[in-house]
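Asks: For reference, this is input_35.pdb, and it has PDB, C-alpha atoms, pLDDT in the B column.
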ATOM      1  CA  MET A  20       0.000   0.000   0.000  1.00 71.00           C
ATOM      2  CA  ASN A  21       2.799   2.395   0.952  1.00 85.00           C
ATOM      3  CA  LYS A  22       4.676   1.584  -2.273  1.00 86.00           C
ATOM      4  CA  LYS A  23       1.610   2.323  -4.433  1.00 85.00           C
ATOM      5  CA  PHE A  24       1.125   5.644  -2.693  1.00 83.00           C
ATOM      6  CA  ILE A  25       4.758   6.664  -3.303  1.00 86.00           C
ATOM      7  CA  ILE A  26       4.513   5.621  -6.972  1.00 87.00           C
ATOM      8  CA  ALA A  27       1.257   7.591  -7.404  1.00 83.00           C
ATOM      9  CA  VAL A  28       2.803  10.703  -5.826  1.00 83.00           C
ATOM     10  CA  ALA A  29       5.927  10.332  -7.981  1.00 84.00           C
ATOM     11  CA  VAL A  30       3.844  10.002 -11.177  1.00 86.00           C
ATOM     12  CA  LEU A  31       1.729  13.000 -10.170  1.00 86.00           C
ATOM     13  CA  LEU A  32       4.818  15.043  -9.360  1.00 87.00           C
ATOM     14  CA  PHE A  33       6.411  14.068 -12.683  1.00 86.00           C
ATOM     15  CA  GLY A  34       3.221  15.096 -14.512  1.00 87.00           C
ATOM     16  CA  VAL A  35       3.134  18.492 -12.776  1.00 86.00           C
ATOM     17  CA  VAL A  36       6.812  19.133 -13.566  1.00 85.00           C
ATOM     18  CA  ALA A  37       6.369  18.097 -17.219  1.00 85.00           C
ATOM     19  CA  TRP A  38       3.281  20.302 -17.577  1.00 87.00           C
ATOM     20  CA  SER A  39       5.102  23.243 -15.959  1.00 83.00           C
ATOM     21  CA  LEU A  40       8.090  22.866 -18.283  1.00 83.00           C
ATOM     22  CA  TYR A  41       5.755  22.880 -21.282  1.00 82.00           C
ATOM     23  CA  TYR A  42       3.452  25.684 -20.083  1.00 85.00           C
ATOM     24  CA  PHE A  43       6.273  28.027 -19.080  1.00 85.00           C
ATOM     25  CA  SER A  44       8.495  27.260 -22.082  1.00 92.00           C
ATOM     26  CA  ASP A  45       9.487  30.274 -24.162  1.00 94.00           C
ATOM     27  CA  LYS A  46       7.432  29.081 -27.148  1.00 96.00           C
ATOM     28  CA  GLN A  47       4.238  28.779 -25.119  1.00 96.00           C
ATOM     29  CA  VAL A  48       4.823  32.119 -23.359  1.00 96.00           C
ATOM     30  CA  ILE A  49       5.220  33.821 -26.753  1.00 97.00           C
ATOM     31  CA  LYS A  50       2.057  32.166 -28.111  1.00 97.00           C
ATOM     32  CA  ARG A  51       0.059  33.312 -25.075  1.00 96.00           C
ATOM     33  CA  LYS A  52       1.457  36.833 -25.459  1.00 96.00           C
ATOM     34  CA  PHE A  53       0.227  36.979 -29.066  1.00 97.00           C
ATOM     35  CA  ALA A  54      -3.185  35.680 -27.978  1.00 95.00           C
ATOM     36  CA  ALA A  55      -3.400  38.468 -25.373  1.00 94.00           C
ATOM     37  CA  VAL A  56      -2.458  41.073 -27.986  1.00 96.00           C
ATOM     38  CA  ALA A  57      -5.177  39.758 -30.312  1.00 96.00           C
ATOM     39  CA  VAL A  58      -7.761  40.199 -27.557  1.00 95.00           C
ATOM     40  CA  SER A  59      -6.493  43.751 -26.932  1.00 94.00           C
ATOM     41  CA  LEU A  60      -6.758  44.658 -30.603  1.00 95.00           C
ATOM     42  CA  SER A  61     -10.306  43.352 -30.954  1.00 95.00           C
ATOM     43  CA  LYS A  62     -13.183  45.780 -30.591  1.00 94.00           C
ATOM     44  CA  ASP A  63     -16.953  45.455 -30.129  1.00 92.00           C
ATOM     45  CA  GLY A  64     -18.656  48.770 -30.846  1.00 88.00           C
ATOM     46  CA  ASP A  65     -17.868  52.139 -29.283  1.00 90.00           C
ATOM     47  CA  GLU A  66     -15.280  52.413 -26.533  1.00 92.00           C
ATOM     48  CA  THR A  67     -14.484  55.133 -24.064  1.00 91.00           C
ATOM     49  CA  PRO A  68     -10.953  56.598 -24.004  1.00 91.00           C
ATOM     50  CA  VAL A  69     -10.282  54.781 -20.738  1.00 93.00           C
ATOM     51  CA  MET A  70     -11.323  51.456 -22.275  1.00 92.00           C
ATOM     52  CA  ILE A  71      -9.051  52.096 -25.259  1.00 92.00           C
ATOM     53  CA  ALA A  72      -6.110  52.931 -22.990  1.00 91.00           C
ATOM     54  CA  LEU A  73      -6.636  49.790 -20.930  1.00 92.00           C
ATOM     55  CA  LYS A  74      -6.891  47.611 -24.054  1.00 93.00           C
ATOM     56  CA  MET A  75      -3.720  49.100 -25.585  1.00 94.00           C
ATOM     57  CA  LYS A  76      -1.563  48.613 -22.459  1.00 94.00           C
ATOM     58  CA  PRO A  77      -0.670  44.958 -23.250  1.00 93.00           C
ATOM     59  CA  VAL A  78       0.279  46.031 -26.780  1.00 94.00           C
ATOM     60  CA  LYS A  79       2.450  48.909 -25.559  1.00 94.00           C
ATOM     61  CA  ASP A  80       4.125  46.610 -23.012  1.00 94.00           C
ATOM     62  CA  PHE A  81       4.863  44.075 -25.766  1.00 96.00           C
ATOM     63  CA  VAL A  82       6.607  46.515 -28.135  1.00 97.00           C
ATOM     64  CA  ALA A  83      10.312  47.216 -27.574  1.00 97.00           C
ATOM     65  CA  THR A  84      11.532  50.797 -27.140  1.00 95.00           C
ATOM     66  CA  ALA A  85      12.477  50.801 -30.832  1.00 95.00           C
ATOM     67  CA  CYS A  86      10.511  48.504 -33.132  1.00 96.00           C
ATOM     68  CA  GLU A  87      11.310  48.153 -36.818  1.00 97.00           C
ATOM     69  CA  VAL A  88       8.254  47.969 -39.046  1.00 96.00           C
ATOM     70  CA  THR A  89       8.665  46.848 -42.640  1.00 97.00           C
ATOM     71  CA  VAL A  90       6.067  46.711 -45.409  1.00 97.00           C
ATOM     72  CA  PRO A  91       7.999  45.230 -48.374  1.00 96.00           C
ATOM     73  CA  GLU A  92       5.354  46.023 -51.032  1.00 96.00           C
ATOM     74  CA  ARG A  93       5.573  49.732 -50.204  1.00 94.00           C
ATOM     75  CA  ASN A  94       9.330  49.822 -49.603  1.00 95.00           C
ATOM     76  CA  TYR A  95       8.384  51.128 -46.162  1.00 95.00           C
ATOM     77  CA  HIS A  96      10.873  50.702 -43.370  1.00 95.00           C
ATOM     78  CA  GLU A  97      10.623  52.699 -40.168  1.00 95.00           C
ATOM     79  CA  VAL A  98      11.661  52.427 -36.542  1.00 97.00           C
ATOM     80  CA  LEU A  99       8.696  53.196 -34.290  1.00 95.00           C
ATOM     81  CA  TRP A 100       8.377  53.749 -30.556  1.00 94.00           C
ATOM     82  CA  PRO A 101       5.657  52.025 -28.526  1.00 94.00           C
ATOM     83  CA  ASP A 102       3.604  55.241 -28.306  1.00 93.00           C
ATOM     84  CA  LEU A 103       3.578  55.585 -32.081  1.00 94.00           C
ATOM     85  CA  VAL A 104       2.629  51.929 -32.558  1.00 94.00           C
ATOM     86  CA  THR A 105      -0.275  52.208 -30.120  1.00 94.00           C
ATOM     87  CA  ARG A 106      -1.392  55.508 -31.675  1.00 94.00           C
ATOM     88  CA  TYR A 107      -1.464  53.867 -35.120  1.00 92.00           C
ATOM     89  CA  LEU A 108      -3.424  50.903 -33.753  1.00 93.00           C
ATOM     90  CA  ILE A 109      -5.904  53.203 -32.002  1.00 93.00           C
ATOM     91  CA  MET A 110      -6.455  55.063 -35.285  1.00 93.00           C
ATOM     92  CA  TYR A 111      -6.828  51.765 -37.185  1.00 92.00           C
ATOM     93  CA  ARG A 112      -9.361  50.486 -34.634  1.00 93.00           C
ATOM     94  CA  SER A 113     -11.295  53.775 -34.666  1.00 91.00           C
ATOM     95  CA  ARG A 114     -11.997  53.360 -38.399  1.00 91.00           C
ATOM     96  CA  GLN A 115     -13.754  50.047 -37.744  1.00 93.00           C
ATOM     97  CA  VAL A 116     -17.241  49.611 -36.272  1.00 93.00           C
ATOM     98  CA  ASP A 117     -16.146  46.304 -34.772  1.00 94.00           C
ATOM     99  CA  LEU A 118     -12.940  44.350 -35.117  1.00 96.00           C
ATOM    100  CA  GLN A 119     -11.939  40.780 -34.372  1.00 96.00           C
ATOM    101  CA  VAL A 120      -8.266  39.820 -34.553  1.00 96.00           C
ATOM    102  CA  ALA A 121      -6.874  36.324 -34.144  1.00 97.00           C
ATOM    103  CA  PHE A 122      -3.404  34.873 -34.605  1.00 96.00           C
ATOM    104  CA  ASP A 123      -3.603  31.431 -36.215  1.00 93.00           C
ATOM    105  CA  GLU A 124      -0.828  28.968 -36.979  1.00 95.00           C
ATOM    106  CA  ILE A 125       1.683  30.671 -34.711  1.00 97.00           C
ATOM    107  CA  LEU A 126       5.068  29.137 -35.499  1.00 97.00           C
ATOM    108  CA  VAL A 127       7.786  30.077 -33.031  1.00 97.00           C
ATOM    109  CA  ASP A 128      11.440  29.455 -33.768  1.00 97.00           C
ATOM    110  CA  ILE A 129      14.106  30.272 -31.194  1.00 96.00           C
ATOM    111  CA  PRO A 130      17.375  30.148 -33.174  1.00 94.00           C
ATOM    112  CA  THR A 131      19.516  31.558 -30.358  1.00 92.00           C
ATOM    113  CA  ASP A 132      18.992  32.141 -26.686  1.00 90.00           C
ATOM    114  CA  GLY A 133      17.000  35.329 -26.144  1.00 94.00           C
ATOM    115  CA  ARG A 134      15.849  35.743 -29.756  1.00 97.00           C
ATOM    116  CA  ALA A 135      12.720  34.420 -31.420  1.00 98.00           C
ATOM    117  CA  GLU A 136      11.207  34.475 -34.888  1.00 98.00           C
ATOM    118  CA  VAL A 137       7.442  34.176 -35.123  1.00 98.00           C
ATOM    119  CA  SER A 138       5.438  33.508 -38.249  1.00 98.00           C
ATOM    120  CA  ALA A 139       1.665  33.709 -37.915  1.00 97.00           C
ATOM    121  CA  LEU A 140      -1.509  34.047 -39.878  1.00 97.00           C
ATOM    122  CA  VAL A 141      -3.402  37.152 -38.788  1.00 97.00           C
ATOM    123  CA  HIS A 142      -7.147  36.752 -39.242  1.00 97.00           C
ATOM    124  CA  VAL A 143      -8.942  40.112 -39.269  1.00 96.00           C
ATOM    125  CA  ILE A 144     -12.720  40.452 -39.407  1.00 96.00           C
ATOM    126  CA  ALA A 145     -14.181  43.942 -39.302  1.00 95.00           C
ATOM    127  CA  ASN A 146     -17.390  45.876 -39.797  1.00 93.00           C
ATOM    128  CA  ARG A 147     -19.863  43.011 -39.634  1.00 92.00           C
ATOM    129  CA  ASN A 148     -23.254  43.870 -41.135  1.00 91.00           C
ATOM    130  CA  GLN A 149     -21.733  46.964 -42.758  1.00 91.00           C
ATOM    131  CA  PRO A 150     -21.096  47.765 -46.440  1.00 93.00           C
ATOM    132  CA  ASP A 151     -17.316  47.900 -45.827  1.00 91.00           C
ATOM    133  CA  PHE A 152     -17.193  44.442 -44.171  1.00 93.00           C
ATOM    134  CA  PHE A 153     -13.974  42.523 -44.641  1.00 94.00           C
ATOM    135  CA  ASP A 154     -12.614  39.152 -43.586  1.00 95.00           C
ATOM    136  CA  GLU A 155      -8.929  38.713 -44.386  1.00 95.00           C
ATOM    137  CA  ILE A 156      -6.067  36.430 -43.501  1.00 97.00           C
ATOM    138  CA  HIS A 157      -2.457  37.549 -43.883  1.00 96.00           C
ATOM    139  CA  ARG A 158       0.920  35.966 -43.130  1.00 96.00           C
ATOM    140  CA  VAL A 159       3.081  38.164 -40.898  1.00 97.00           C
ATOM    141  CA  LYS A 160       6.541  37.736 -39.454  1.00 98.00           C
ATOM    142  CA  PHE A 161       7.762  39.046 -36.107  1.00 98.00           C
ATOM    143  CA  PHE A 162      11.156  39.107 -34.435  1.00 98.00           C
ATOM    144  CA  LEU A 163      11.329  39.164 -30.658  1.00 98.00           C
ATOM    145  CA  GLN A 164      14.088  39.560 -28.089  1.00 97.00           C
ATOM    146  CA  LYS A 165      14.016  38.580 -24.460  1.00 96.00           C
ATOM    147  CA  GLN A 166      14.812  41.497 -22.185  1.00 94.00           C
ATOM    148  CA  GLU A 167      14.540  41.373 -18.414  1.00 90.00           C
ATOM    149  CA  LYS A 168      12.741  38.010 -18.560  1.00 90.00           C
ATOM    150  CA  SER A 169      10.088  39.347 -20.953  1.00 95.00           C
ATOM    151  CA  TRP A 170       9.696  38.847 -24.700  1.00 97.00           C
ATOM    152  CA  LEU A 171       9.497  42.141 -26.618  1.00 97.00           C
ATOM    153  CA  LEU A 172       8.650  42.801 -30.252  1.00 98.00           C
ATOM    154  CA  HIS A 173      11.648  44.282 -32.086  1.00 97.00           C
ATOM    155  CA  LYS A 174      10.667  43.886 -35.718  1.00 98.00           C
ATOM    156  CA  ALA A 175       7.502  43.240 -37.717  1.00 97.00           C
ATOM    157  CA  ILE A 176       7.195  42.466 -41.416  1.00 98.00           C
ATOM    158  CA  LEU A 177       3.644  43.237 -42.498  1.00 96.00           C
ATOM    159  CA  PRO A 178       1.854  42.813 -45.847  1.00 96.00           C
ATOM    160  CA  ASP A 179       0.518  45.942 -47.539  1.00 94.00           C
ATOM    161  CA  ALA A 180      -3.055  44.623 -47.501  1.00 91.00           C
ATOM    162  CA  LEU A 181      -3.043  44.494 -43.695  1.00 89.00           C
ATOM    163  CA  VAL A 182      -1.777  48.058 -43.309  1.00 85.00           C
ATOM    164  CA  ARG A 183      -3.837  49.882 -45.923  1.00 80.00           C
ATOM    165  CA  ARG A 184      -7.323  49.223 -44.485  1.00 71.00           C
TER     166      ARG A 184
END
Show me this structure written as structure tokens.
Replies:
Amino acid sequence: MNKKFIIAVAVLLFGVVAWSLYYFSDKQVIKRKFAAVAVSLSKDGDETPVMIALKMKPVKDFVATACEVTVPERNYHEVLWPDLVTRYLIMYRSRQVDLQVAFDEILVDIPTDGRAEVSALVHVIANRNQPDFFDEIHRVKFFLQKQEKSWLLHKAILPDALVRR
């Protein structure tokens, strides 16, 4: 009886450790961070300025102090600060009656310690039941660096179709 109890506790302990190693792995942390950003970017109807500020905080905290943004089709390449990124996103969101953003097929590659490359499909649905309704999916690429135990966005390569709306 005592042996079975020890084996059961050991198996349970092993399961908890294995789950913790998976859940807190860099790849899973990055995927959860992108999921949180998608929720912040989404919008259902009118929002007060306070609501907008609260929703944009996770985005601002995710962007590094200098973030390169590249749109290859436009030959656009600029280094933006978190305030500028959030201001652009607020303006983008304000043009939409409602907005749903989801990151699908998030592929995380960590080539070196402290650096990550993320490729994801961004699914954007906006203006439901409106004449300017759109439902689009675009492939985007992000480059992250780990600073002070937190992953920050340092570079984004965006398609023109995602930026122009």
Asks: Go through stretch 139-158 of chain A and flag each residue having an atom no more than 10 Å from stretch 45-67 of chain A; for those, report the closest pair of atoms plus their distance in Å to one decimal, using all atoms listed in the file, ordered by chain and rising number, as a tab-separated table.
Replies:
residue	atom	partner	partner_atom	distance
A:Ala139	CA	A:Phe53	CA	9.5
A:Val141	CA	A:Ala57	CA	9.0
A:His142	CA	A:Ala57	CA	9.6
A:Val143	CA	A:Ser61	CA	9.0
A:Ile144	CA	A:Ser61	CA	9.3
A:Ala145	CA	A:Lys62	CA	9.0
A:Asn146	CA	A:Gly64	CA	9.5
Asks: As a check of understanding, name the residues that the PyMOL selection byres ((chain A and resi 126-138) around 10) selects in the supplied structure, as a PyMOL selection string.
Replies: chain A and resi 45-47+49-50+53+122-125+139-141+158-166+168-176
Asks: Grab the residues selected above and save them as a short mmCIF file (atom, residue, chain, number, x, y, z; two decimals), keeping the file's coordinate frame with C-alpha atoms.
Replies:
data_model
loop_
_atom_site.label_atom_id
_atom_site.label_comp_id
_atom_site.auth_asym_id
_atom_site.auth_seq_id
_atom_site.Cartn_x
_atom_site.Cartn_y
_atom_site.Cartn_z
CA ASP A 45 9.49 30.27 -24.16
CA LYS A 46 7.43 29.08 -27.15
CA GLN A 47 4.24 28.78 -25.12
CA ILE A 49 5.22 33.82 -26.75
CA LYS A 50 2.06 32.17 -28.11
CA PHE A 53 0.23 36.98 -29.07
CA PHE A 122 -3.40 34.87 -34.60
CA ASP A 123 -3.60 31.43 -36.22
CA GLU A 124 -0.83 28.97 -36.98
CA ILE A 125 1.68 30.67 -34.71
CA ALA A 139 1.66 33.71 -37.92
CA LEU A 140 -1.51 34.05 -39.88
CA VAL A 141 -3.40 37.15 -38.79
CA ARG A 158 0.92 35.97 -43.13
CA VAL A 159 3.08 38.16 -40.90
CA LYS A 160 6.54 37.74 -39.45
CA PHE A 161 7.76 39.05 -36.11
CA PHE A 162 11.16 39.11 -34.44
CA LEU A 163 11.33 39.16 -30.66
CA GLN A 164 14.09 39.56 -28.09
CA LYS A 165 14.02 38.58 -24.46
CA GLN A 166 14.81 41.50 -22.18
CA LYS A 168 12.74 38.01 -18.56
CA SER A 169 10.09 39.35 -20.95
CA TRP A 170 9.70 38.85 -24.70
CA LEU A 171 9.50 42.14 -26.62
CA LEU A 172 8.65 42.80 -30.25
CA HIS A 173 11.65 44.28 -32.09
CA LYS A 174 10.67 43.89 -35.72
CA ALA A 175 7.50 43.24 -37.72
CA ILE A 176 7.20 42.47 -41.42
#
Asks: Which is closest to A:Val104 among A:Asp179, A:Glu167, A:Asp154, A:Asp80, if we use all atoms listed in the file?
Replies: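 Of all the options, A:Asp80 lies closest to A:Val104.
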Asks: What does the distance from atom CA of A:Val182 to atom CA of A:Ala72 come to in Å, to one decimal?
Replies: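 Distance reported for this atom pair: 21.3 Å.
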Asks: As an exercise, work out the distance from atom CA of A:Lys79 to atom CA of A:Thr105 in Å and give it to one decimal place.
Replies: 6.3 Å
Asks: For A:Leu177, which residue out of A:Val120, A:Val88, A:Ile109, A:Ile25 is the nearest one, using only C-alpha atoms?
Replies: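 Once distances to A:Leu177 are computed over only C-alpha atoms, the minimum belongs to A:Val88.
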Asks: For each of A:Val36, A:Val82, A:Thr89, A:Gln115, take the minimum atom-to-atom distance to A:Leu103, counting only C-alpha atoms, then give the residue where this is smallest.
Replies: A:Val82
Asks: Given the file shown, determine the residues that the PyMOL selection byres ((chain A and resi 100) around 6) selects; report them as a ChimeraX atom specification.
Replies: /A:84-85,99,101-103
Asks: What are the centre and the three edge lengths of an axis-aligned box that wraps all atoms of stretch 150-168 of chain A in the file, given that 8 Å is added to every side, written as JSON and rounded to one decimal in Å?
Replies:
{"center_x": -3.1, "center_y": 41.9, "center_z": -32.4, "size_x": 51.9, "size_y": 27.9, "size_z": 44.0}
Asks: Expressed in Å to a single decimal, how great is the separation between atom CA of A:Leu40 and atom CA of A:Asn21?
Replies: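 So the two atoms, atom CA of A:Leu40 and atom CA of A:Asn21, lie 28.6 Å apart.
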Asks: For the structure shown, which residues end up in the PyMOL selection byres ((chain A and resi 97) around 6)? Put them as a PyMOL selection string, please?
Replies: chain A and resi 87-88+96+98
Asks: Which residues are near A:Arg183? Cut-off 12 Å, all atoms listed in the file, ignore same chain within fewer than 3 positions. Put them as a PyMOL selection string.
Replies: chain A and resi 90+92-93+107+111+114+177-180
